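Below you'll find the structure, written out as structure tokens, and then a few comments.
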Amino acid sequence: DWNTANIIDETVTAIREQIGPEGRAVCGLSGGVDSAVAAALVQRAIGDRLTCVFVDHGLLREGERAQVERDFVAATGVDLVTVDAAGTFLRELSGVVDPEEKRKIIGREFIRAFEGAAREVAEGKGADFLVQGTLYPDVVESGGGSGAATIKSHHNVGGLPDDLQFSLVEPLRALFKDEVRRVGAELGLPETIVRRQPFPGPGLAIRVIGAVDAERLATLRRADAIAREELTSAGLDEVIWQCPVVLLADVRSVGVQGDGRTYGHPVVLRPVSSEDAMTADWTRLPYDVLERISTRITNECAEINRVVLDVTSKPPGTIEWE
Ligand code: XMP
């Protein structure tokens, strides 16, 4: 539409002015909509003088790396560097159970991995601009000094070392989330990215309750993919805000499958409806959809023999379990 095209034109012009005819930029991609749209706008403004960096921490959902490496690159033609850091993250997370400790480790390792790649781009190509997908509500929130207590530490790419100096480019600073999605659609980004529901930076690590390892992640990744497939094919993506699937990795219960007794793990479905994630209500999903998800997960994930539904609103429950 006219308004969205206008936003794109004005933003692209402003980016060109800020970066100049020779300047180069780096942008971290998370797989989410904000960083993807920010990168696509900068790409439109300065073309291959932009390099994107994608850190694969091994805590992503099924298909997310391909969405960035294949679909996003196909849609934008952007120059992309992927950092394969899954091994490092798994090693650092080994044996860690405490949710805040998991977040701290992931935040630290993420910055470390991103910094290494950004430094190479900065030194190799002479980039001195860093693109960030800061939205208008983030600007207001951090300037407003609301004094609200931090309940969970959310990690973002901040905290780069002093000797790595970038000027910030924030092309989404004036936009709300729905405008960002419209801009992304207008720029031709894949639906899977433009319509993506919120997903936490620490990824599947905070949805394995207990210590994280490769096997547990693989089990959860499969269960999560099944739930998302069924919710999408039931047309419920617009109805729910998000639906975390949580693996209770330290809990076992007795079950029966075929002739055999099983002693497997439960997963929790946590479908929520919300406007802004500050408060949320549990979504009354149709029973037939719940049934399909439950049947498929217990059939297709050998470690899981029970599917339970979280019927807690926020407050008192948070959306994520950790
Ligand atoms: P909670 O669990 O606090 O979640 O009700 C509110 C929203 O924030 C997301 N979330 C995170 N996002 N880093 C993120 O980028 C995090 O550490 C994090 N923790 C929670 C959550 O998915 C929900 O949309």
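Residue numbers start at 1 in each chain; chains themselves are named A, B, ... in the order of the structure tokens; ligands are numbered from 1 in the order shown.
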Can I get the residues close to ligand 1 as a PyMOL selection string, where close means within 9 Å and we count only C-alpha atoms and all ligand atoms? chain A and resi 100+103+107+151-156+197-203+206+241-244+276-280+314-315+317-322
For the residues selected in the previous step, produce a file with N, CA and C atoms as a compact mmCIF listing (two decimals), in the first residue's frame.
# COMPACT_ATOMS: atom_id res chain seq x y z
N GLU A 100 18.21 -18.53 34.92
CA GLU A 100 18.96 -17.28 34.74
C GLU A 100 20.40 -17.57 34.34
N ARG A 103 20.41 -18.26 30.69
CA ARG A 103 20.33 -17.01 29.93
C ARG A 103 21.65 -16.26 29.92
N GLY A 107 23.63 -15.45 26.56
CA GLY A 107 23.88 -14.04 26.21
C GLY A 107 25.36 -13.78 25.99
N ILE A 151 12.11 -9.32 35.45
CA ILE A 151 11.70 -10.63 35.93
C ILE A 151 12.58 -11.70 35.30
N LYS A 152 12.85 -11.53 34.04
CA LYS A 152 13.79 -12.42 33.36
C LYS A 152 14.71 -11.53 32.54
N SER A 153 15.98 -11.85 32.50
CA SER A 153 16.89 -11.01 31.73
C SER A 153 16.76 -11.39 30.25
N HIS A 154 16.31 -10.46 29.43
CA HIS A 154 16.20 -10.70 27.99
C HIS A 154 17.51 -10.31 27.34
N HIS A 155 18.00 -11.17 26.47
CA HIS A 155 19.28 -10.78 25.89
C HIS A 155 19.14 -10.22 24.49
N ASN A 156 19.86 -9.19 24.23
CA ASN A 156 19.93 -8.59 22.91
C ASN A 156 21.40 -8.35 22.63
N GLN A 197 5.89 -15.76 14.88
CA GLN A 197 5.47 -15.42 16.24
C GLN A 197 6.70 -15.19 17.11
N PRO A 198 6.52 -14.53 18.27
CA PRO A 198 7.68 -14.29 19.13
C PRO A 198 8.36 -15.59 19.51
N PHE A 199 9.68 -15.54 19.55
CA PHE A 199 10.46 -16.70 19.98
C PHE A 199 11.64 -16.15 20.78
N PRO A 200 11.90 -16.69 21.95
CA PRO A 200 12.92 -16.08 22.82
C PRO A 200 14.34 -16.24 22.26
N GLY A 201 15.16 -15.22 22.47
CA GLY A 201 16.56 -15.27 22.05
C GLY A 201 17.28 -16.53 22.53
N PRO A 202 17.12 -16.93 23.80
CA PRO A 202 17.82 -18.14 24.29
C PRO A 202 17.25 -19.43 23.71
N GLY A 203 16.20 -19.30 22.90
CA GLY A 203 15.72 -20.42 22.10
C GLY A 203 15.21 -21.60 22.92
N ILE A 206 15.62 -22.64 27.00
CA ILE A 206 14.77 -22.31 28.16
C ILE A 206 13.42 -23.01 28.07
N TRP A 241 -0.97 -16.09 20.19
CA TRP A 241 0.19 -15.19 20.21
C TRP A 241 1.45 -16.01 19.96
N GLN A 242 1.54 -17.12 20.70
CA GLN A 242 2.59 -18.11 20.49
C GLN A 242 2.22 -19.34 21.29
N CYS A 243 2.86 -20.45 21.01
CA CYS A 243 2.58 -21.67 21.76
C CYS A 243 3.88 -22.40 22.07
N PRO A 244 4.54 -21.98 23.15
CA PRO A 244 5.72 -22.73 23.54
C PRO A 244 5.40 -24.21 23.80
N ASP A 276 0.49 -7.96 24.01
CA ASP A 276 1.85 -7.41 24.10
C ASP A 276 2.79 -8.27 24.95
N ALA A 277 2.35 -9.46 25.33
CA ALA A 277 3.13 -10.39 26.14
C ALA A 277 3.29 -9.97 27.60
N MET A 278 2.80 -8.77 27.96
CA MET A 278 2.88 -8.35 29.36
C MET A 278 1.88 -9.14 30.20
N THR A 279 0.69 -9.34 29.63
CA THR A 279 -0.30 -10.23 30.24
C THR A 279 -0.72 -11.20 29.14
N ALA A 280 -1.25 -12.32 29.54
CA ALA A 280 -1.68 -13.30 28.54
C ALA A 280 -2.76 -14.19 29.13
N LYS A 314 -1.22 -15.32 32.48
CA LYS A 314 -0.09 -14.50 32.94
C LYS A 314 -0.63 -13.17 33.37
N PRO A 315 -0.45 -12.69 34.60
CA PRO A 315 0.04 -13.48 35.72
C PRO A 315 -1.01 -14.51 36.14
N GLY A 317 1.39 -17.09 35.87
CA GLY A 317 2.45 -17.79 35.13
C GLY A 317 3.07 -16.86 34.11
N THR A 318 4.34 -16.97 33.83
CA THR A 318 4.89 -16.27 32.67
C THR A 318 4.58 -17.12 31.43
N ILE A 319 4.83 -16.57 30.25
CA ILE A 319 4.54 -17.33 29.03
C ILE A 319 5.52 -18.50 28.92
N GLU A 320 6.81 -18.21 29.04
CA GLU A 320 7.80 -19.27 29.04
C GLU A 320 7.86 -19.89 30.44
N TRP A 321 8.32 -21.14 30.50
CA TRP A 321 8.43 -21.81 31.79
C TRP A 321 9.71 -21.43 32.53
N GLU A 322 10.68 -20.87 31.81
CA GLU A 322 11.91 -20.44 32.47
C GLU A 322 12.17 -18.98 32.14
Just want the 8 Å neighbourhood of Leu41 in chain A, counted on only C-alpha atoms, with same-chain residues fewer than 2 positions away dropped. Output as number ranges by chain. A: 8, 11-12, 37-39, 43-45, 171
Using only C-alpha atoms, which protein or nucleic acid residues come within 7 Å of Phe89 in chain A? Drop anything in the same chain fewer than 4 positions from it, and give the result as a list of chain:residue names. A:His57, A:Ala85, A:Leu93, A:Ile106, A:Glu109
Quick one: write out the picked residues with N, CA and C atoms as a short mmCIF file (atom, residue, chain, number, x, y, z; two decimals), in the first residue's frame?
data_model
loop_
_atom_site.label_atom_id
_atom_site.label_comp_id
_atom_site.auth_asym_id
_atom_site.auth_seq_id
_atom_site.Cartn_x
_atom_site.Cartn_y
_atom_site.Cartn_z
N HIS A 57 23.19 -20.92 17.25
CA HIS A 57 23.60 -21.40 18.57
C HIS A 57 23.10 -22.81 18.86
N ALA A 85 27.97 -22.16 15.93
CA ALA A 85 28.46 -22.13 17.31
C ALA A 85 27.76 -23.15 18.20
N LEU A 93 26.66 -24.93 28.17
CA LEU A 93 25.39 -25.14 28.88
C LEU A 93 25.34 -26.47 29.61
N ILE A 106 24.10 -18.02 27.58
CA ILE A 106 23.71 -17.86 26.17
C ILE A 106 23.99 -16.42 25.71
N GLU A 109 27.83 -16.00 25.34
CA GLU A 109 28.38 -16.72 24.18
C GLU A 109 27.88 -16.12 22.87
#
Do you know which residues are at most 10 Å from Gln165 in chain A counting only C-alpha atoms, after dropping those on the same chain fewer than 2 positions away, and could you put them as a CSV table (one decimal) with C-alpha atoms, in the first residue's frame?
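Result saved to selection-v3.csv:
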chain,number,residue,atom,x,y,z
A,119,ARG,CA,35.2,-8.0,13.9
A,122,ALA,CA,34.8,-4.7,10.3
A,127,ALA,CA,32.5,-1.8,8.0
A,128,ASP,CA,31.9,0.8,10.7
A,129,PHE,CA,28.1,0.8,10.9
A,130,LEU,CA,26.1,-1.7,12.9
A,160,LEU,CA,30.2,-5.1,22.3
A,161,PRO,CA,33.7,-4.3,23.6
A,162,ASP,CA,35.0,-0.7,23.5
A,163,ASP,CA,37.7,-1.4,20.9
A,167,SER,CA,27.9,3.7,14.7
A,168,LEU,CA,24.3,2.4,15.1
With only C-alpha atoms as the counted atoms, please give the residues lying no more than 7 Å from Asp79 in chain A, apart from itself and same-chain residues fewer than 5 positions off, as a ChimeraX atom specification. /A:48,50-52
Keeping only N, CA and C atoms, write the selected residues as a compact mmCIF listing (two decimals), in the first residue's frame.
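For reference, selection31.txt as written:
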# COMPACT_ATOMS: atom_id res chain seq x y z
N ASP A 48 25.50 -4.58 -1.60
CA ASP A 48 26.47 -5.52 -1.02
C ASP A 48 27.51 -4.85 -0.12
N LEU A 50 26.50 -4.18 2.67
CA LEU A 50 26.01 -4.74 3.92
C LEU A 50 26.40 -6.21 4.02
N THR A 51 26.91 -6.62 5.18
CA THR A 51 27.14 -8.04 5.45
C THR A 51 26.30 -8.44 6.65
N CYS A 52 25.54 -9.52 6.52
CA CYS A 52 24.75 -10.01 7.65
C CYS A 52 25.47 -11.17 8.34
What's the 10 Å shell around Gly58 in chain A, counting only C-alpha atoms, without same-chain residues fewer than 3 positions away, as number ranges by chain? A: 55, 61, 65, 84-90, 203-205, 214, 217-218
Written selection (C-alpha atoms) as a PDB file, in the first residue's frame:
ATOM      1  CA  VAL A  55      24.873 -17.015  14.795  1.00  0.00           C
ATOM      2  CA  ARG A  61      13.623 -24.500  15.925  1.00  0.00           C
ATOM      3  CA  ARG A  65      18.462 -21.825   9.856  1.00  0.00           C
ATOM      4  CA  ASP A  84      28.314 -22.371  13.547  1.00  0.00           C
ATOM      5  CA  ALA A  85      28.458 -22.129  17.308  1.00  0.00           C
ATOM      6  CA  ALA A  86      26.205 -24.996  18.398  1.00  0.00           C
ATOM      7  CA  GLY A  87      29.096 -27.030  19.811  1.00  0.00           C
ATOM      8  CA  THR A  88      30.319 -24.169  21.971  1.00  0.00           C
ATOM      9  CA  PHE A  89      26.855 -23.382  23.319  1.00  0.00           C
ATOM     10  CA  LEU A  90      26.171 -27.022  24.190  1.00  0.00           C
ATOM     11  CA  GLY A 203      15.724 -20.423  22.105  1.00  0.00           C
ATOM     12  CA  LEU A 204      14.872 -24.005  22.983  1.00  0.00           C
ATOM     13  CA  ALA A 205      17.342 -23.981  25.894  1.00  0.00           C
ATOM     14  CA  ALA A 214      21.741 -32.475  22.087  1.00  0.00           C
ATOM     15  CA  LEU A 217      16.997 -30.525  22.113  1.00  0.00           C
ATOM     16  CA  ALA A 218      16.329 -32.875  19.212  1.00  0.00           C
TER      17      ALA A 218
END
